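Q: Sharing a structure below in structure tokens format, with a few things to ask.
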Amino acid sequence: MREKLVRRLADGRLLLQDGPIDLIIEAVGESARAYGAAAQRFDTILDALCSELPLLRTPAREDSAPQGAVARRMWNAVLPFSRDRFITPMAAVAGSVAEEVLAAMTETAALRRAYVNDGGDIAVFLAPGECLRIGLVDRPDRPSLFGSVELRADQPARGIATSGWRGRSFSLGIADAVTVLADCASGADAAATLIANAVDIPGHPAITRRPAIDLDPQSDLQDRLVTVAVDGLDAVEINTALAAGCRVAEDFLGRGLIRAAALHLAGETRTVDGAALLRAA
Amino acid sequence: MPDGDTVRCDACPVTCFIKPGMAGACDRYANDGGILVRVDPLVVLEHTVEAGEKVVPFLGAGGAEWNGEIVKSPAAFVTAIGAGTTYPDYKPAPFIVSSKVEGVDTVTVVTEGIFSYCGCKVKVDTDRHLGPERNFVRVDGEPIGHVTTGEYGSQMLSLGGVNHLTHGGKKEGRVTCDALLHLCNGEAVEIAVDDGATAVIQAGKPPVINGKIEERMRVGCGSATIGMFAKQWYGKVDEVVVVDDHITGVLSEHQAGKVLGAGETGIRIRGRKSTPGRYFHVAEPGSGWGGTNVTDPLEIVTGFDAKHAWPGLRMLMVSTTGEQHAYYELDEALKPVEKDLPENLKESVERIAENCEPALATVLFMAGAGGSLRAGVTENPVRLTRSVREAITRVTAGGAPVYVWPGGGITFMVDVTLLPERAFGYVPTPALVAPIEFTLKREDYAALGGHMNHVRPVEDVLKDVSLRQVRAAERRR
């Protein structure tokens, strides 16, 4: 019943689709070779991931490294966070897939710039002198650009990821979206998940939560409560929730785990941005 | 762990357990009341002729000759792909869309049908023997259909149908559904015929038979080939035998040869003579010369009559695609001895090949729109059937034209390559899910007992459902 899809879009970009993975890929340079390499690498990614799913759905431990290349990226990405927080390698799956496919492309083809966008978690390659501008969206269910970020070859960020309860994955927090820049997409993915979890007002009656396992029997979050609805919050509450997220983001920034973060809740935005990478639309 | 109504999705190896009302990790499959359904965004077919892009031509679109009895397709045509389905009940179809087409109010009823009665008619362009007629076609050892008639230059397969989908074993149904889904979505499926060949079949692609790509479709039967090329052979060679499992042609005896004045050669051919120069059953069917099991063509020549034959007699043997050929001259004992093909015959052999069309496997999806599907269109289902019969209602599948069989019911066939990508889905029943749209004038829809209070203007639909627009790049043809 598998519907693996490899297709060039009308604008020339490559679309790869398999199960829950959707990749939009653009390469500038030897793009045909790069797309060939991407499609070839993509072919086995989902099967390899699925063969280790039970392990990847349990909290990462230093002595339980998975086998697959993508699984390793996931595990490596979440390990720095796992000592003081609950996190499973699944928190970095999208960014890790993007990174792995990008690596296959840059190993095979000479490129000026390229990106692999896995549902908003993006791995970027930039040759010296190149840059890439990426639009930022606050609500995935009502997409509109609120800002943009320019990744430049002379700065270290090569990964960007967004997490929030309105997205495809569950969140323990109430952020509409947390967008993170980090040196790699897998790290950005893991960090965005955790910062979005932290944007929260525990116990607030306007927030409806349900055990993850009630919604998805196989969720790695087990019986942890995930957000399913957020009713009206006042300005003070919004500020409190965002401030909680910012504290976590600043901690990550200080430890060198991320380069910048933008946090959104109910139309309000906070940035934690050491290098002033983010700008308003 | 999973409770009663949880559905285990096997669309991909993630194998999500999906709770009622929830979607899987992909957001493409969901659990709707215990049934796994596709929830891809609705596909809208925009006519982009002005933008210079090719779309499947509808009858009447782009200035064609349609005289207006059945309404034309609107500028934006909402296909049923991703519409979801209301099976198995009596609710109105998920989308009933109105629009104005050249000033005429029209209604398109858009639904995804769950077809328990469905299958594929497959035409495999080949002379090779796929297997005896009526033998099972298998996938993973399960019978999914059978070999049916041999047609001109091709072999027909009948796959799926209710007897394999639901009346066979559980695995048989699942494998059949899976194979049909792949074929309909334009993917390759490997089949094996009992006492026959294995083949890889993919809609719109050359068939691969016993590991070999079939490149050419025969130029004609052996007899027709003689007729077409007799003039080019006459004078350059004394005898030509076109080896064909159906009708082997012999130049010296054939009417075409006689007309040119070809003399007798005393050749004796195995098999049963039909009319002069035309032989049936010269060998057994197989994947050798011209669809026979012959690998040495001399096997079908039993000898030469000394009364007419002579030492030095020149004979060309060739298959109906020009793929195989051999040239002989008779020795003193009137035995054929193989020689290099003379230059002046090369061209004619090449011309046979040149005149062959590319061999393809083609797949028509065939299904019957049953009671509950029709009830989703009108409260009076039989009227829908009549209206289709009377050509008041136009039926399309994913926007592609269909052929509706005469007789009872709405049983239709559609070339799967005319539908947008991934137009087909399945439910674990097992049955295929395919888009179907009924388009008719608004007043006719009302007269039909249509669900008038569910009719929505097309602008409204385009505005508020998530849509996937089909452009030329997404279509397979």
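FYI, nothing fancy with the structure tokens labels: chains A, B, ... in order, residues from 1 per chain, ligands from 1 as they appear.
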Find the nearest atom pair between each residue of chain A and chain B for residues within 10 Å, count only C-alpha atoms, give distances in Å to one decimal, sort rows by chain and ascending number, and present the table as JSON lines.
A:
{"residue": "A:Met1", "atom": "CA", "partner": "B:Ala11", "partner_atom": "CA", "distance": 5.0}
{"residue": "A:Arg2", "atom": "CA", "partner": "B:Cys12", "partner_atom": "CA", "distance": 5.5}
{"residue": "A:Glu3", "atom": "CA", "partner": "B:Ala11", "partner_atom": "CA", "distance": 7.6}
{"residue": "A:Lys4", "atom": "CA", "partner": "B:Cys12", "partner_atom": "CA", "distance": 9.0}
{"residue": "A:Leu5", "atom": "CA", "partner": "B:Arg422", "partner_atom": "CA", "distance": 9.2}
{"residue": "A:Arg7", "atom": "CA", "partner": "B:Glu474", "partner_atom": "CA", "distance": 8.2}
{"residue": "A:Arg8", "atom": "CA", "partner": "B:Ala473", "partner_atom": "CA", "distance": 7.7}
{"residue": "A:Leu9", "atom": "CA", "partner": "B:Ala473", "partner_atom": "CA", "distance": 6.7}
{"residue": "A:Ala10", "atom": "CA", "partner": "B:Ala473", "partner_atom": "CA", "distance": 5.8}
{"residue": "A:Asp11", "atom": "CA", "partner": "B:Ala473", "partner_atom": "CA", "distance": 9.6}
{"residue": "A:Gln17", "atom": "CA", "partner": "B:Cys26", "partner_atom": "CA", "distance": 9.9}
{"residue": "A:Asp18", "atom": "CA", "partner": "B:Cys12", "partner_atom": "CA", "distance": 7.6}
{"residue": "A:Gly19", "atom": "CA", "partner": "B:Cys12", "partner_atom": "CA", "distance": 5.1}
{"residue": "A:Pro20", "atom": "CA", "partner": "B:Cys26", "partner_atom": "CA", "distance": 3.7}
{"residue": "A:Ile21", "atom": "CA", "partner": "B:Cys26", "partner_atom": "CA", "distance": 7.1}
{"residue": "A:Asp22", "atom": "CA", "partner": "B:Cys26", "partner_atom": "CA", "distance": 8.7}
{"residue": "A:Leu46", "atom": "CA", "partner": "B:Pro13", "partner_atom": "CA", "distance": 7.4}
{"residue": "A:Asp47", "atom": "CA", "partner": "B:Pro13", "partner_atom": "CA", "distance": 6.5}
{"residue": "A:Ala48", "atom": "CA", "partner": "B:Pro13", "partner_atom": "CA", "distance": 9.6}
{"residue": "A:Leu49", "atom": "CA", "partner": "B:Val14", "partner_atom": "CA", "distance": 8.7}
{"residue": "A:Cys50", "atom": "CA", "partner": "B:Val14", "partner_atom": "CA", "distance": 5.9}
{"residue": "A:Ser51", "atom": "CA", "partner": "B:Pro13", "partner_atom": "CA", "distance": 8.6}
{"residue": "A:Leu53", "atom": "CA", "partner": "B:Val14", "partner_atom": "CA", "distance": 8.2}
{"residue": "A:Arg168", "atom": "CA", "partner": "B:Ala25", "partner_atom": "CA", "distance": 7.6}
{"residue": "A:Ser169", "atom": "CA", "partner": "B:Ala25", "partner_atom": "CA", "distance": 8.1}
{"residue": "A:Ile213", "atom": "CA", "partner": "B:Met1", "partner_atom": "CA", "distance": 9.4}
{"residue": "A:Asp214", "atom": "CA", "partner": "B:Lys19", "partner_atom": "CA", "distance": 8.1}
{"residue": "A:Leu215", "atom": "CA", "partner": "B:Lys19", "partner_atom": "CA", "distance": 6.6}
{"residue": "A:Asp216", "atom": "CA", "partner": "B:Ile18", "partner_atom": "CA", "distance": 6.5}
{"residue": "A:Pro217", "atom": "CA", "partner": "B:Phe17", "partner_atom": "CA", "distance": 6.2}
{"residue": "A:Gln218", "atom": "CA", "partner": "B:Phe17", "partner_atom": "CA", "distance": 7.0}
{"residue": "A:Ser219", "atom": "CA", "partner": "B:Cys16", "partner_atom": "CA", "distance": 9.6}
Q: Suppose we keep N, CA and C atoms; can you now write the selection as a CSV table (one decimal), in the first residue's frame?
A:
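Generated output (part-v9.csv):
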chain,number,residue,atom,x,y,z
A,1,MET,N,0.8,-1.2,0.0
A,1,MET,CA,0.0,0.0,0.0
A,1,MET,C,0.9,1.3,0.0
A,2,ARG,N,2.1,1.1,-0.3
A,2,ARG,CA,3.1,2.2,-0.1
A,2,ARG,C,2.9,3.2,-1.3
A,3,GLU,N,3.0,4.5,-1.0
A,3,GLU,CA,2.9,5.5,-2.0
A,3,GLU,C,4.1,6.4,-2.0
A,4,LYS,N,5.2,5.9,-2.2
A,4,LYS,CA,6.4,6.7,-2.2
A,4,LYS,C,6.4,7.6,-3.5
A,5,LEU,N,6.7,8.8,-3.3
A,5,LEU,CA,6.6,9.8,-4.4
A,5,LEU,C,7.9,10.5,-4.6
A,7,ARG,N,9.0,13.5,-7.2
A,7,ARG,CA,8.5,14.3,-8.3
A,7,ARG,C,9.1,15.6,-8.3
A,8,ARG,N,9.4,16.1,-9.6
A,8,ARG,CA,9.8,17.5,-9.7
A,8,ARG,C,8.6,18.4,-9.7
A,9,LEU,N,8.6,19.4,-8.9
A,9,LEU,CA,7.5,20.4,-9.0
A,9,LEU,C,7.6,21.3,-10.2
A,10,ALA,N,6.6,22.0,-10.5
A,10,ALA,CA,6.6,22.8,-11.7
A,10,ALA,C,7.7,23.8,-11.6
A,11,ASP,N,8.1,24.3,-10.4
A,11,ASP,CA,9.1,25.3,-10.3
A,11,ASP,C,10.5,24.7,-10.3
A,17,GLN,N,8.2,12.1,-1.0
A,17,GLN,CA,7.2,11.8,0.0
A,17,GLN,C,7.1,10.3,0.3
A,18,ASP,N,7.1,9.9,1.6
A,18,ASP,CA,7.0,8.5,1.9
A,18,ASP,C,6.4,8.5,3.3
A,19,GLY,N,5.3,7.8,3.4
A,19,GLY,CA,4.6,7.8,4.7
A,19,GLY,C,4.4,9.2,5.2
A,20,PRO,N,4.8,9.4,6.5
A,20,PRO,CA,4.6,10.8,7.0
A,20,PRO,C,5.7,11.8,6.6
A,21,ILE,N,6.6,11.4,5.8
A,21,ILE,CA,7.7,12.3,5.5
A,21,ILE,C,7.4,13.0,4.2
A,22,ASP,N,7.5,14.4,4.2
A,22,ASP,CA,7.4,15.2,3.0
A,22,ASP,C,8.6,16.1,3.0
A,46,LEU,N,12.7,5.7,5.5
A,46,LEU,CA,11.6,5.4,6.4
A,46,LEU,C,11.7,4.0,6.9
A,47,ASP,N,12.0,3.0,6.1
A,47,ASP,CA,12.1,1.6,6.5
A,47,ASP,C,13.2,1.5,7.6
A,48,ALA,N,14.3,2.2,7.4
A,48,ALA,CA,15.4,2.1,8.5
A,48,ALA,C,14.9,2.7,9.8
A,49,LEU,N,14.2,3.8,9.7
A,49,LEU,CA,13.7,4.5,10.9
A,49,LEU,C,12.7,3.5,11.6
A,50,CYS,N,11.8,3.0,10.8
A,50,CYS,CA,10.7,2.2,11.4
A,50,CYS,C,11.3,0.9,12.1
A,51,SER,N,12.4,0.4,11.6
A,51,SER,CA,13.0,-0.8,12.2
A,51,SER,C,13.5,-0.5,13.6
A,53,LEU,N,11.9,2.0,15.7
A,53,LEU,CA,10.9,2.9,16.3
A,53,LEU,C,10.8,2.7,17.8
A,168,ARG,N,2.0,19.4,13.5
A,168,ARG,CA,1.7,18.0,13.3
A,168,ARG,C,2.0,17.2,14.5
A,169,SER,N,3.0,17.6,15.3
A,169,SER,CA,3.4,16.8,16.5
A,169,SER,C,2.7,17.4,17.7
A,213,ILE,N,-1.3,9.5,24.9
A,213,ILE,CA,-1.6,8.1,24.5
A,213,ILE,C,-3.1,7.9,24.1
A,214,ASP,N,-4.0,8.9,24.6
A,214,ASP,CA,-5.4,8.8,24.3
A,214,ASP,C,-5.6,9.2,22.8
A,215,LEU,N,-4.7,10.1,22.3
A,215,LEU,CA,-4.8,10.6,21.0
A,215,LEU,C,-4.1,9.7,20.0
A,216,ASP,N,-2.9,9.2,20.4
A,216,ASP,CA,-2.1,8.4,19.5
A,216,ASP,C,-1.5,7.3,20.4
A,217,PRO,N,-2.0,6.0,20.3
A,217,PRO,CA,-1.6,5.0,21.2
A,217,PRO,C,-0.1,4.7,21.2
A,218,GLN,N,0.6,5.1,20.1
A,218,GLN,CA,2.0,4.8,20.1
A,218,GLN,C,2.9,6.1,20.4
A,219,SER,N,2.3,7.1,20.9
A,219,SER,CA,3.1,8.3,21.1
A,219,SER,C,4.2,8.1,22.0
Q: Need the shell around segment 120-124 of chain B: protein/DNA/RNA residues with any atom at most 10 Å away, counting only C-alpha atoms. Skip same-chain ones fewer than 4 positions apart. Format as number ranges by chain?
A: B: 128, 130, 145, 147-151, 153-161, 179-181, 183-184, 199, 201-203, 205-209, 214, 217, 359-367, 413-416
Q: Could you write out, as a ChimeraX atom specification, all the residues of segment 265-416 of chain B that DSSP marks as strand (DSSP E)?
A: /B:267-269,272-273,278-280,301-304,314-319,325-330,336-339,361-369,394-397,400-401,403-404,410-415
Q: Which residues are close to Lys307 of chain B, i.e. within 9 Å by only C-alpha atoms, leaving aside same-chain residues fewer than 2 positions away? Reply as a PyMOL selection string.
A: chain B and resi 265-266+304-305+309-310
Q: Grab the residues selected above and save them as a PDB file, in the first residue's frame with C-alpha atoms.
A:
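Okay, out_9.pdb is ready:
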ATOM      1  CA  THR B 265       9.415 -23.420 -53.606  1.00  0.00           C
ATOM      2  CA  GLY B 266       8.197 -26.785 -52.340  1.00  0.00           C
ATOM      3  CA  PHE B 304      11.395 -29.041 -49.196  1.00  0.00           C
ATOM      4  CA  ASP B 305       9.709 -30.973 -51.971  1.00  0.00           C
ATOM      5  CA  ALA B 309      12.855 -26.770 -54.640  1.00  0.00           C
ATOM      6  CA  TRP B 310      16.354 -26.304 -55.981  1.00  0.00           C
TER       7      TRP B 310
END
Q: I'd like the contact shell of Val294 of chain B - 9 Å cut-off, only C-alpha atoms, skipping same-chain residues fewer than 5 positions apart - returned as a short mmCIF file (atom, residue, chain, number, x, y, z; two decimals) with N, CA and C atoms, in the first residue's frame.
A:
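Below is the file that was written, part08.cif:
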data_model
loop_
_atom_site.label_atom_id
_atom_site.label_comp_id
_atom_site.auth_asym_id
_atom_site.auth_seq_id
_atom_site.Cartn_x
_atom_site.Cartn_y
_atom_site.Cartn_z
N ALA B 283 3.71 -24.19 -33.97
CA ALA B 283 4.49 -24.63 -32.81
C ALA B 283 3.61 -24.38 -31.59
N GLU B 284 4.19 -24.51 -30.42
CA GLU B 284 3.47 -24.18 -29.20
C GLU B 284 3.72 -22.70 -28.87
N PRO B 285 2.77 -22.08 -28.15
CA PRO B 285 3.03 -20.70 -27.73
C PRO B 285 4.21 -20.62 -26.76
N GLY B 286 4.90 -19.51 -26.79
CA GLY B 286 6.06 -19.36 -25.90
C GLY B 286 6.65 -17.97 -26.03
N SER B 287 7.88 -17.83 -25.59
CA SER B 287 8.49 -16.50 -25.69
C SER B 287 9.64 -16.52 -26.69
N GLY B 288 9.54 -17.39 -27.70
CA GLY B 288 10.54 -17.43 -28.77
C GLY B 288 10.09 -16.59 -29.96
N TRP B 289 10.38 -17.09 -31.15
CA TRP B 289 10.04 -16.36 -32.38
C TRP B 289 8.54 -16.11 -32.49
N GLU B 299 12.74 -25.39 -37.01
CA GLU B 299 11.87 -26.39 -36.40
C GLU B 299 10.49 -26.44 -37.05
N ILE B 300 10.06 -25.32 -37.62
CA ILE B 300 8.71 -25.32 -38.20
C ILE B 300 8.73 -25.67 -39.70
#
Q: Distance atom CA of Arg216 of chain B-atom CA of Ile352 of chain B, one decimal place?
A: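 Those two atoms sit 10.2 Å apart.
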Q: According to DSSP computed on the backbone, where in segment 42-231 of chain A is there alpha helix (DSSP H)? Give the residues as a ChimeraX atom specification.
A: /A:42,45-51,53-56,69-82,93-108,185-198,212-215
Q: What lies within 9 Å of Ser31 of chain A using only C-alpha atoms, ignoring chain neighbours under 4 positions off, as a VMD selection string?
A: chain A and resid 26 to 27 35 to 36 105 109 to 111 114
Q: Identify, on the basis of only C-alpha atoms, every residue whose closest approach to segment 340-343 of chain B does not exceed 12 Å; exclude the query and any residue fewer than 2 positions from it along the same chain; express the result as a short mmCIF file (atom, residue, chain, number, x, y, z; two decimals) with C-alpha atoms, in the first residue's frame.
A:
data_model
loop_
_atom_site.label_atom_id
_atom_site.label_comp_id
_atom_site.auth_asym_id
_atom_site.auth_seq_id
_atom_site.Cartn_x
_atom_site.Cartn_y
_atom_site.Cartn_z
CA TRP B 233 11.12 -8.99 -50.88
CA LYS B 236 15.63 -10.43 -53.70
CA VAL B 237 14.74 -13.74 -52.11
CA ARG B 314 17.20 -18.31 -50.88
CA MET B 315 14.92 -18.14 -47.82
CA LEU B 316 14.36 -15.41 -45.22
CA MET B 317 12.71 -16.26 -41.92
CA VAL B 318 11.59 -13.38 -39.75
CA GLN B 324 14.40 -12.19 -34.91
CA HIS B 325 15.50 -13.03 -38.41
CA ALA B 326 17.66 -15.60 -40.21
CA TYR B 327 18.68 -16.17 -43.81
CA TYR B 328 19.24 -19.58 -45.44
CA GLU B 329 20.23 -21.09 -48.75
CA VAL B 337 22.17 -23.68 -44.45
CA GLU B 338 22.25 -20.42 -42.51
CA LEU B 345 17.34 -7.73 -47.33
CA LYS B 346 18.55 -5.87 -44.25
CA GLU B 347 16.44 -2.86 -45.04
CA SER B 348 13.19 -4.83 -45.21
CA VAL B 349 13.87 -6.51 -41.88
CA GLU B 350 14.67 -3.15 -40.32
#
Q: Can you pull out the residues contacting segment 248-261 of chain A? Cut-off 6 Å, using only C-alpha atoms, and skip same-chain residues under 4 positions away; I want them as an MDAnalysis selection string.
A: chainID A and resid 179:182 271:273
Q: Given the choices A:Thr108, A:Asn76, A:Ser64, A:Thr88, which gets closest to Gly29 of chain A if the distance is worked out from only C-alpha atoms?
A: A:Thr108
Q: Go ahead and compute the interatomic distance for atom CA of Ala77 of chain A and atom CA of Leu242 of chain A, in Å to one decimal.
A: 24.0 Å
Q: For each of A:Arg72, A:His204, A:Arg224, A:Arg270, take the minimum atom-to-atom distance to Ala243 of chain A, counting only C-alpha atoms, then give the residue where this is smallest.
A: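 Looking at the shortest contact to Ala243 of chain A, the residue is A:Arg270.
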Q: What does the distance between atom CA of Leu23 of chain A and atom CA of Val37 of chain B come to in Å, to one decimal place?
A: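 Computing the Euclidean distance for atom CA of Leu23 of chain A and atom CA of Val37 of chain B yields 23.0 Å.
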Q: Under the rule that only C-alpha atoms are counted, which of A:Asp176, A:Asp220, A:Asp121, A:Glu237 is the nearest residue to Ala190 of chain A?
A: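 Answer, going by the shortest atom-to-atom distance: A:Asp121.
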Q: So, counting only C-alpha atoms, which residue among A:Pro202, A:Gln222, A:Leu263, A:Met90 is closest to Arg247 of chain A?
A: A:Leu263
